[in-house]
Number of protein chains: 4
Amino acid sequence: MAGSTFGNRISVTTWGESHGKALGVVIDGFPAGLKLSEEDIQPYLDRRKPGQSKYTTARAEGDEVVILSGVFEGVTTGTPISLMIENKDQHSKDYGNIATTFRPGHADYGFIEKFGLRDYRGGGRSSGRETIGRVAAGAICAKLLNEVGITVCAYTKSIGDIKIYDFDLSERDNNPLCMPDAVAAKKAEEYLEACMLNKDSAGGVIECLITGVPAGIGDPVFEKLDAKLAQALVSVGSVKGVEIGDGFAASKTLGSINNDNFRMDNGVVTKLTNHSGGILGGISDGDDIIVRCAIKPTPSIAQVQATVNEKHEDVDIEIHGRHDPVIVPRAVVVVEAMCAITICDALLSHMTDRVDYIKEFYKN
Amino acid sequence: MAGSTFGNRISVTTWGESHGKALGVVIDGFPAGLKLSEEDIQPYLDRRKPGQSKYTTARAEGDEVVILSGVFEGVTTGTPISLMIENKDQHSKDYGNIATTFRPGHADYGFIEKFGLRDYRGGGRSSGRETIGRVAAGAICAKLLNEVGITVCAYTKSIGDIKIYDFDLSERDNNPLCMPDAVAAKKAEEYLEACMLNKDSAGGVIECLITGVPAGIGDPVFEKLDAKLAQALVSVGSVKGVEIGDGFAASKTLGSINNDNFRMDNGVVTKLTNHSGGILGGISDGDDIIVRCAIKPTPSIAQVQATVNEKHEDVDIEIHGRHDPVIVPRAVVVVEAMCAITICDALLSHMTDRVDYIKEFYKN
Amino acid sequence: MAGSTFGNRISVTTWGESHGKALGVVIDGFPAGLKLSEEDIQPYLDRRKPGQSKYTTARAEGDEVVILSGVFEGVTTGTPISLMIENKDQHSKDYGNIATTFRPGHADYGFIEKFGLRDYRGGGRSSGRETIGRVAAGAICAKLLNEVGITVCAYTKSIGDIKIYDFDLSERDNNPLCMPDAVAAKKAEEYLEACMLNKDSAGGVIECLITGVPAGIGDPVFEKLDAKLAQALVSVGSVKGVEIGDGFAASKTLGSINNDNFRMDNGVVTKLTNHSGGILGGISDGDDIIVRCAIKPTPSIAQVQATVNEKHEDVDIEIHGRHDPVIVPRAVVVVEAMCAITICDALLSHMTDRVDYIKEFYKN
Amino acid sequence: MAGSTFGNRISVTTWGESHGKALGVVIDGFPAGLKLSEEDIQPYLDRRKPGQSKYTTARAEGDEVVILSGVFEGVTTGTPISLMIENKDQHSKDYGNIATTFRPGHADYGFIEKFGLRDYRGGGRSSGRETIGRVAAGAICAKLLNEVGITVCAYTKSIGDIKIYDFDLSERDNNPLCMPDAVAAKKAEEYLEACMLNKDSAGGVIECLITGVPAGIGDPVFEKLDAKLAQALVSVGSVKGVEIGDGFAASKTLGSINNDNFRMDNGVVTKLTNHSGGILGGISDGDDIIVRCAIKPTPSIAQVQATVNEKHEDVDIEIHGRHDPVIVPRAVVVVEAMCAITICDALLSHMTDRVDYIKEFYKN
């Protein structure tokens with residue numbers, strides 16, 4: 001089916017494979033009148049680019065974005081914004097038995113069963129490179145959100161068992177793991193070194209903090225704001241779980257504790273706690289929105305693994321080449337992008353929720 | 001926005017409020033030729049009906065379903081299946097200050113900010129009664145799935161801190177908590193009694209096991225099978241987290257452990273473990289699909305709580321009347337329904353994924 | 001597939017068969033805050049009700065609408081509005097060979113090939129009674145449009161060869177054919193009498209005039225305002241053609257004539273002519289919107305017709321019972337409803353087209 | 001809103017402006033396993049390319065298509081097919097007062113009202129160049145349709161008042177007007193010469209014949225096969241009307257004539273006439289599908305025209321440069337493309353209409 005599009009009011013369609021000519025995204029329905037150039041988007045792409053640290057693959061990619069349509073004289077026109085990023089490192093090489101063998105932890109087997117064939121080069125469409133289009137679209141949505149005072153910020157919450165303890169957002173960009181806690185980052189680096197020595201890989205948790213969303217955004221039923229955030233995050237490769245606010249911990253506590261009491265604070269309805277993570281009944285409650293997702297260990301490891309090939313024979317596989325021992329740091333900006341798209345979409349949808357809004361808009 | 005519809009190939013639209021005349025659902029795009037009567041649907045509704053145990057509200061509702069369209073001579077016709085369940089217990093009563101006060105942990109405040117008004121009777125559209133339509137639709141999807149050998153089965157994994165230990169599915173329907181472990185159920189009952197004494201409430205975790213799904217179902221990008229399951233489950237009120245397979249635990253383990261190795265078993269591609277929970281890269285891998293969701297404690301509690309009213313004054317609130325001290329047991333069938341709808345939708349979508357399928361279909 | 005829903009921002013889902021228990025519609029995404037009761041909807045339904053004149057079937061139906069959800073204390077709540085109309089005249093009768101024979105000009109054969117079975121009672125889902133839900137939804141959209149100064153008005157333009165000549169809208173409701181020209185209506189009645197004597201039927205053309213739509217509504221590509229109007233109108237049974245503005249006549253004229261010149265008129269951008277029918281490039285141009293559709297003659301006629309039955313045998317068929325010799329007059333309100341839904345949907349969509357609108361909305 | 005996507009099962013998203021860097025299309029949900037290369041698409045693009053005759057603009061464009069994704073080793077992979085066509089002739093030039101003046105018959109005024117700004121270069125997004133993406137997508141859908149025996153063929157039915165009389169499809173590609181009648185084509189050329197001498201332009205009618213569609217394709221309500229064809233065709237710029245089968249003529253005839261009788265013919269259900277144009281009740285009836293659309297005269301003419309500018313001043317405008325005096329011949333392949341996309345989409349949707357199909361598919 002056609003599953004490469006996300007969003008109701010805005011629609012984001014990504015395309016491209018790991019080793020095709022290019023990757024890209026079309027953002028349709030984006031409002032007219034936002035100042036936009038490649039310079040707004042490139043910094044986001046640079047955050048997910050390979051080769052940034054020893055924990056990321058050394059693949060040589062500039063990942064330079066080009067705006068092909070939808071912007072005129074530096075301003076969005078309301079028509080589809082088409083962005084393209086060329087693949088530089090797409091020279092054919094010998095994929096050996098990877099071409100015909102199902103890598104454990106990867107989608108290879110599912111692809112063959114689904115489509116009858118697959119682009120085996122670097123995972124094809126299931127590659128993490130598909131997220132380039134998401135990040136580019138997210139950068140644009142984030143810019144629009146900033147115009148109305150909303151910020152979206154993700155960071156690494158844990159790597160393996162090592163969690164952040166002191167939260168200092170300014171530290172996030174000082175370490176290769178995107179952890180807002182220098183001490184935890186150091187420990188996590190040591191943990192990753194050990195993983196790499198063992199030809200093994202690690203996972204982690206990413207948290208995203210969204211501030212400035214007014215109360216009343218989202219929808220009460222299937223399109224709950226947290227339901228869409230959950231879809232958005234689980235749609236990122238390697239995500240195996242999602243939490244809103246207290247998440248699974250909420251299942252163990254009591255109602256008297258978990259309920260956030262309301263009080264007026266300087267004329268503003270305010271929650272005294274934020275167990276809800278800023279969303280109640282699928283609708284924003286005016287508080288910070290907090291979501292988390294669990295990332296599994298990178299499935300590409302150099303250890304020998306038992307598997308099966310396309311001829312349905314038992315075989316062993318060793319995945320050569322350098323792979324990220326942990327994808328969490330590079331996924332941080334992807335999570336941020338998906339949250340930005342989701343919030344942006346819901347924010348626009350709300351503008352037509354009421355007859356009084358409509359009458360005010362069309363009163364002239 | 002229009003957010004009461006779920007599904008791509010099949011579309012499920014619920015309608016109705018807690019204390020309106022009726023609730024219902026329209027299932028459009030459902031295939032023709034399935035034998036169907038109210039008897040197929042009613043048992044699912046009875047599982048979520050109030051008044052089944054001392055842990056559920058005593059509201060007197062028969063919740064009897066009527067098929068209004070889409071079935072002719074006992075068989076689905078391919079046209080919209082409209083189902084209605086009348087609300088018997090909708091007599092107006094004095095809602096007191098609940099009508100104008102924001103209940104902590106509820107969507108009341110968000111509704112007012114979003115829509116400018118709200119149906120305060122029993123939560124209106126944000127009531128758990130909205131799930132009646134989901135359960136009815138899920139029953140129909142489950143019947144279709146059974147025709148091709150797929151079963152969907154949910155149960156309570158934990159209540160508060162009390163987890164199931166021995167898994168015996170036949171026990172699930174022997175206790176009011178839907179726990180497939182008699183010992184755990186007993187402990188959980190004791191825990192709930194204590195909660196009730198303290199005018200407090202509890203949460204828990206529901207797990208759903210889906211068997212018989214062939215490999216190749218789902219989609220690689222935004223419509224990943226697990227992403228849609230995540231949306232489906234978080235769209236259920238009170239769900240604050242979702243996991244697929246090992247979920248958050250996967251974030252702490254190593255790639256060498258988390259990767260499920262493949263081996264041939266009697267001519268069938270088989271995974272030796274199932275950390276993936278049956279989904280890799282958004283596509284089913286032929287194994288059992290396992291998802292879990294965290295349910296927060298029921299927000300309606302009889303303790304005095306601090307809050308704010310519609311005039312933006314600080315007030316206290318006590319929520320009278322009998323409320324479920326835990327909604328987990330009644331939510332089990334809702335989780336089952338949402339999983340059935342999601343799997344059914346993806347299963348149909350797959351049938352057009354390949355040119356060889358299309359040529360085979362239209363060869364005559 | 002799931003094809004019973006129309007609309008992007010608002011979604012209208014009809015359900016029900018000619019002789020099922022009931023018919024209805026769910027309108028999801030409709031804005032909160034519109035005063036609404038059955039009295040707003042019933043007059044529209046009464047306009048399409050059978051038995052209004054000798055040119056409509058005598059079927060005894062009250063077609064009384066009930067609002068089941070989405071309205072609280074007389075005002076829309078923003079949640080799905082569910083409307084139901086019970087079928088009174090659904091007693092089973094002997095359908096004779098109609099049950100197994102493909103009526104010429106009807107969808108019977110297509111239904112069997114598509115679904116493998118069909119509800120043969122009165123055409124089942126392909127009956128004109130399906131439009132009840134459309135009309136009910138249209139009534140609600142028309143009420144919202146009125147709030148912002150937009151009116152939608154359809155009328156019979158021609159019956160067979162007889163066209164209206166003098167246009168006097170006040171005449172429309174004075175004759176059973178909904179013609180805004182008393183003289184033409186009289187001639188058309190004579191024509192229909194002759195058709196009825198010959199057991200034959202007639203067609204005609206309906207025109208819809210939409211006033212008050214500001215310039216800038218609609219979309220430049222696939223969702224052009226006229227493209228959606230075309231889908232909306234051709235989706236009405238028996239419609240075989242659609243025109244916007246000058247329509248097919250535009251294909252025969254010259255650019256210098258067909259182009260509408262602009263001039264300022266009291267500070268307002270004004271077109272000196274309206275060949276465009278109020279839409280240019282898919283976007284409203286501020287002028288009256290004019291669309292027309294061609295209705296084929298009623299396919300149910302009492303003459304003997306050659307056809308085929310479900311066993312694929314050649315047979316003859318006579319369609320007994322009283323059928324409308326022309327459906328044009330009853331389709332007028334259906335056309336009005338479809339236009340109202342389409343315009344309403346586009347009108348809301350426009351509110352989020354620009355960043356300056358968004359900033360203005362969220363400035364507080 | 002997001003209106004640049006068409007299709008339910010397959011989704012076609014076009015992007016690009018007349019004078020942007022490039023134009024393109026993303027086709028998502030297209031089945032895996034179709035042999036595909038640029039050579040399959042380029043011939044379709046060449047048919048709509050400028051500079052093919054004296055009746056088309058002399059703009060120098062190669063319109064060479066590049067496949068950027070979705071094809072691996074010459075076969076579609078089931079993932080999004082991204083196609084790009086670079087704009088060669090995008091050098092900036094002096095647009096003079098066209099940049100700030102509303103051209104009569106164009107969407108300029110609507111764009112400004114809708115988006116607050118517009119890309120005035122060559123019409124921007126409302127340019128006929130947007131159809132490049134449609135044609136490319138249509139070429140791919142047409143290839144898939146051919147695999148199951150379906151052909152889609154459009155041609156010019158009339159130019160101004162000059163209709164084809166003798167139908168000889170082999171003539172279509174022998175004259176610059178795409179008329180399947182050499183005599184009519186000659187007359188039409190004379191007519192166009194006269195138009196050009198007067199700095200005027202002409203319109204015409206395009207017909208599309210679709211053969212090989214089995215009965216049972218399409219949907220009974222809003223997604224009727226003819227309703228989607230109507231949307232598809234009216235979404236093409238300059239189309240002001242659509243007919244299916246006898247179209248508007250059907251409104252003037254009698255039921256006894258308009259009904260197509262069925263008879264068995266060598267074991268096949270066959271219609272003795274085809275007034276229906278191959279679609280009854282929104283579902284294909286097994287006969288040839290015939291649709292027509294009316295194209296208005298090219299709005300860009302060199303005569304002086306009265307209009308208004310962005311400052312809302314009355315001004316005169318002369319549109320310099322060479323413009324197609326008639327766009328009908330170049331629109332023929334666009335109509336063909338839109339029909340191919342629509343039929344392809346409906347064909348795939350049908351594969352899941354029945355439980356017996358589903359059981360057969362998943363029986364193993």
# chains A, B, ... in the order shown; residues from 1 in each chain; ligands from 1

$ select_by_dssp --residues "stretch 4-86 of chain A" --states "alpha helix (DSSP H)" --output "PyMOL selection string"
chain A and resi 38-48

$ closest_atom_pairs --of "chain D" --to "chain B" --cutoff "9 Å" --atoms "only C-alpha atoms" --output "tab-separated table"
residue	atom	partner	partner_atom	distance
D:Asn8	CA	B:Asn8	CA	8.8
D:Arg9	CA	B:Arg9	CA	8.2
D:Gly29	CA	B:Asp353	CA	7.6
D:Phe30	CA	B:Asp353	CA	7.5
D:Pro31	CA	B:Arg354	CA	4.6
D:Ala32	CA	B:Arg354	CA	4.6
D:Gly33	CA	B:Val355	CA	5.3
D:Leu34	CA	B:Val355	CA	6.2
D:Thr77	CA	B:Arg354	CA	8.8
D:Gly78	CA	B:Asp353	CA	6.7
D:Thr79	CA	B:Pro220	CA	8.4
D:Leu144	CA	B:Val355	CA	7.9
D:Glu147	CA	B:Lys359	CA	7.1
D:Val148	CA	B:Lys359	CA	6.1
D:Gly149	CA	B:Tyr362	CA	9.0
D:Pro214	CA	B:Tyr362	CA	8.8
D:Pro220	CA	B:Thr79	CA	8.4
D:Leu348	CA	B:Thr352	CA	6.1
D:Ser349	CA	B:Thr352	CA	8.0
D:Met351	CA	B:Thr352	CA	7.1
D:Thr352	CA	B:Leu348	CA	6.2
D:Asp353	CA	B:Pro31	CA	4.7
D:Arg354	CA	B:Pro31	CA	4.6
D:Val355	CA	B:Gly33	CA	5.3
D:Asp356	CA	B:Gly33	CA	7.0
D:Tyr357	CA	B:Phe361	CA	8.8
D:Ile358	CA	B:Leu348	CA	7.5
D:Lys359	CA	B:Val148	CA	6.2
D:Phe361	CA	B:Met351	CA	7.4
D:Tyr362	CA	B:Val148	CA	6.3
D:Lys363	CA	B:Val148	CA	6.9

$ residues_around --residues "A:Glu61" --least-positions-apart "4" --cutoff "12 Å" --atoms "only C-alpha atoms" --output "PyMOL selection string"
chain A and resi 18-19+22+45-46+48-52+57+65+85-90+129+132

$ write_last_selection --atoms "N, CA and C atoms" --output "PDB file, in the first residue's frame"
ATOM      1  N   SER A  18      18.704   3.689   0.096  1.00  0.00           N
ATOM      2  CA  SER A  18      20.053   3.905   0.609  1.00  0.00           C
ATOM      3  C   SER A  18      21.072   4.148  -0.501  1.00  0.00           C
ATOM      4  N   HIS A  19      21.013   3.350  -1.564  1.00  0.00           N
ATOM      5  CA  HIS A  19      22.018   3.444  -2.603  1.00  0.00           C
ATOM      6  C   HIS A  19      21.441   3.806  -3.963  1.00  0.00           C
ATOM      7  N   ALA A  22      19.237   9.305  -5.368  1.00  0.00           N
ATOM      8  CA  ALA A  22      18.971  10.402  -4.448  1.00  0.00           C
ATOM      9  C   ALA A  22      17.875   9.986  -3.492  1.00  0.00           C
ATOM     10  N   LEU A  45      20.017  18.264   8.899  1.00  0.00           N
ATOM     11  CA  LEU A  45      20.585  17.111   8.194  1.00  0.00           C
ATOM     12  C   LEU A  45      21.989  16.815   8.701  1.00  0.00           C
ATOM     13  N   ASP A  46      22.733  17.856   8.997  1.00  0.00           N
ATOM     14  CA  ASP A  46      24.107  17.643   9.471  1.00  0.00           C
ATOM     15  C   ASP A  46      24.117  16.889  10.796  1.00  0.00           C
ATOM     16  N   ARG A  48      22.234  14.425  11.603  1.00  0.00           N
ATOM     17  CA  ARG A  48      22.078  12.978  11.409  1.00  0.00           C
ATOM     18  C   ARG A  48      23.092  12.399  10.416  1.00  0.00           C
ATOM     19  N   LYS A  49      23.940  13.237   9.863  1.00  0.00           N
ATOM     20  CA  LYS A  49      24.899  12.837   8.838  1.00  0.00           C
ATOM     21  C   LYS A  49      25.872  11.786   9.387  1.00  0.00           C
ATOM     22  N   PRO A  50      26.275  10.841   8.543  1.00  0.00           N
ATOM     23  CA  PRO A  50      27.297   9.883   9.001  1.00  0.00           C
ATOM     24  C   PRO A  50      28.649  10.579   9.174  1.00  0.00           C
ATOM     25  N   GLY A  51      29.544   9.901   9.889  1.00  0.00           N
ATOM     26  CA  GLY A  51      30.922  10.372   9.987  1.00  0.00           C
ATOM     27  C   GLY A  51      31.146  11.479  11.000  1.00  0.00           C
ATOM     28  N   GLN A  52      30.207  11.693  11.871  1.00  0.00           N
ATOM     29  CA  GLN A  52      30.323  12.792  12.833  1.00  0.00           C
ATOM     30  C   GLN A  52      31.157  12.411  14.056  1.00  0.00           C
ATOM     31  N   THR A  57      28.764   5.507  11.348  1.00  0.00           N
ATOM     32  CA  THR A  57      29.383   4.947  10.159  1.00  0.00           C
ATOM     33  C   THR A  57      30.207   6.004   9.420  1.00  0.00           C
ATOM     34  N   VAL A  65      21.160  19.347   0.928  1.00  0.00           N
ATOM     35  CA  VAL A  65      19.774  19.456   0.491  1.00  0.00           C
ATOM     36  C   VAL A  65      19.630  20.539  -0.575  1.00  0.00           C
ATOM     37  N   ILE A  85      18.208  15.189  -1.841  1.00  0.00           N
ATOM     38  CA  ILE A  85      19.568  15.015  -1.348  1.00  0.00           C
ATOM     39  C   ILE A  85      20.186  13.892  -2.186  1.00  0.00           C
ATOM     40  N   GLU A  86      21.224  14.224  -2.921  1.00  0.00           N
ATOM     41  CA  GLU A  86      21.836  13.200  -3.767  1.00  0.00           C
ATOM     42  C   GLU A  86      22.678  12.232  -2.941  1.00  0.00           C
ATOM     43  N   ASN A  87      22.662  10.984  -3.352  1.00  0.00           N
ATOM     44  CA  ASN A  87      23.570  10.002  -2.767  1.00  0.00           C
ATOM     45  C   ASN A  87      24.894  10.057  -3.502  1.00  0.00           C
ATOM     46  N   LYS A  88      25.960  10.405  -2.778  1.00  0.00           N
ATOM     47  CA  LYS A  88      27.274  10.438  -3.414  1.00  0.00           C
ATOM     48  C   LYS A  88      27.874   9.037  -3.435  1.00  0.00           C
ATOM     49  N   ASP A  89      27.714   8.361  -2.312  1.00  0.00           N
ATOM     50  CA  ASP A  89      28.423   7.099  -2.081  1.00  0.00           C
ATOM     51  C   ASP A  89      27.582   5.924  -2.554  1.00  0.00           C
ATOM     52  N   GLN A  90      27.191   5.987  -3.847  1.00  0.00           N
ATOM     53  CA  GLN A  90      26.289   4.942  -4.333  1.00  0.00           C
ATOM     54  C   GLN A  90      26.966   4.020  -5.342  1.00  0.00           C
ATOM     55  N   ARG A 129      18.779   5.777   5.983  1.00  0.00           N
ATOM     56  CA  ARG A 129      18.876   6.954   5.108  1.00  0.00           C
ATOM     57  C   ARG A 129      17.508   7.486   4.693  1.00  0.00           C
ATOM     58  N   ILE A 132      16.329  10.807   6.102  1.00  0.00           N
ATOM     59  CA  ILE A 132      16.795  12.118   5.622  1.00  0.00           C
ATOM     60  C   ILE A 132      15.606  12.997   5.240  1.00  0.00           C
TER      61      ILE A 132
END

$ closest_residue --among "B:Pro43, B:Gly277, B:Pro180, B:Gly286" --to "B:Ile150" --atoms "only C-alpha atoms"
B:Gly286

$ closest_residue --among "D:Met1, D:Leu225, D:Val205, D:Ile164" --to "D:Lys240" --atoms "only C-alpha atoms"
D:Val205

$ residues_around --residues "A:Glu207" --least-positions-apart "3" --cutoff "7 Å" --atoms "only C-alpha atoms" --output "PyMOL selection string"
chain A and resi 154-157+291-293

$ residues_around --residues "B:Ile67" --least-positions-apart "6" --cutoff "9 Å" --atoms "only C-alpha atoms" --output "list of chain:residue names"
B:Ser37, B:Glu38, B:Ile81, B:Ser82, B:Leu83, B:Met84, C:Lys21

$ residues_around --residues "C:Ile319" --least-positions-apart "2" --cutoff "8 Å" --atoms "only C-alpha atoms" --output "ChimeraX atom specification"
/C:98,300-304,317,321

$ write_last_selection --atoms "C-alpha atoms" --output "PDB file, in the first residue's frame"
ATOM      1  CA  ILE C  98     -35.941  -8.787 -10.233  1.00  0.00           C
ATOM      2  CA  SER C 300     -36.766   1.621 -14.131  1.00  0.00           C
ATOM      3  CA  ILE C 301     -39.461   1.542 -16.813  1.00  0.00           C
ATOM      4  CA  ALA C 302     -42.474  -0.688 -17.228  1.00  0.00           C
ATOM      5  CA  GLN C 303     -41.761  -1.570 -20.852  1.00  0.00           C
ATOM      6  CA  VAL C 304     -40.524  -5.053 -21.662  1.00  0.00           C
ATOM      7  CA  ILE C 317     -37.984  -8.071 -17.753  1.00  0.00           C
ATOM      8  CA  GLY C 321     -44.621  -0.851  -9.383  1.00  0.00           C
TER       9      GLY C 321
END
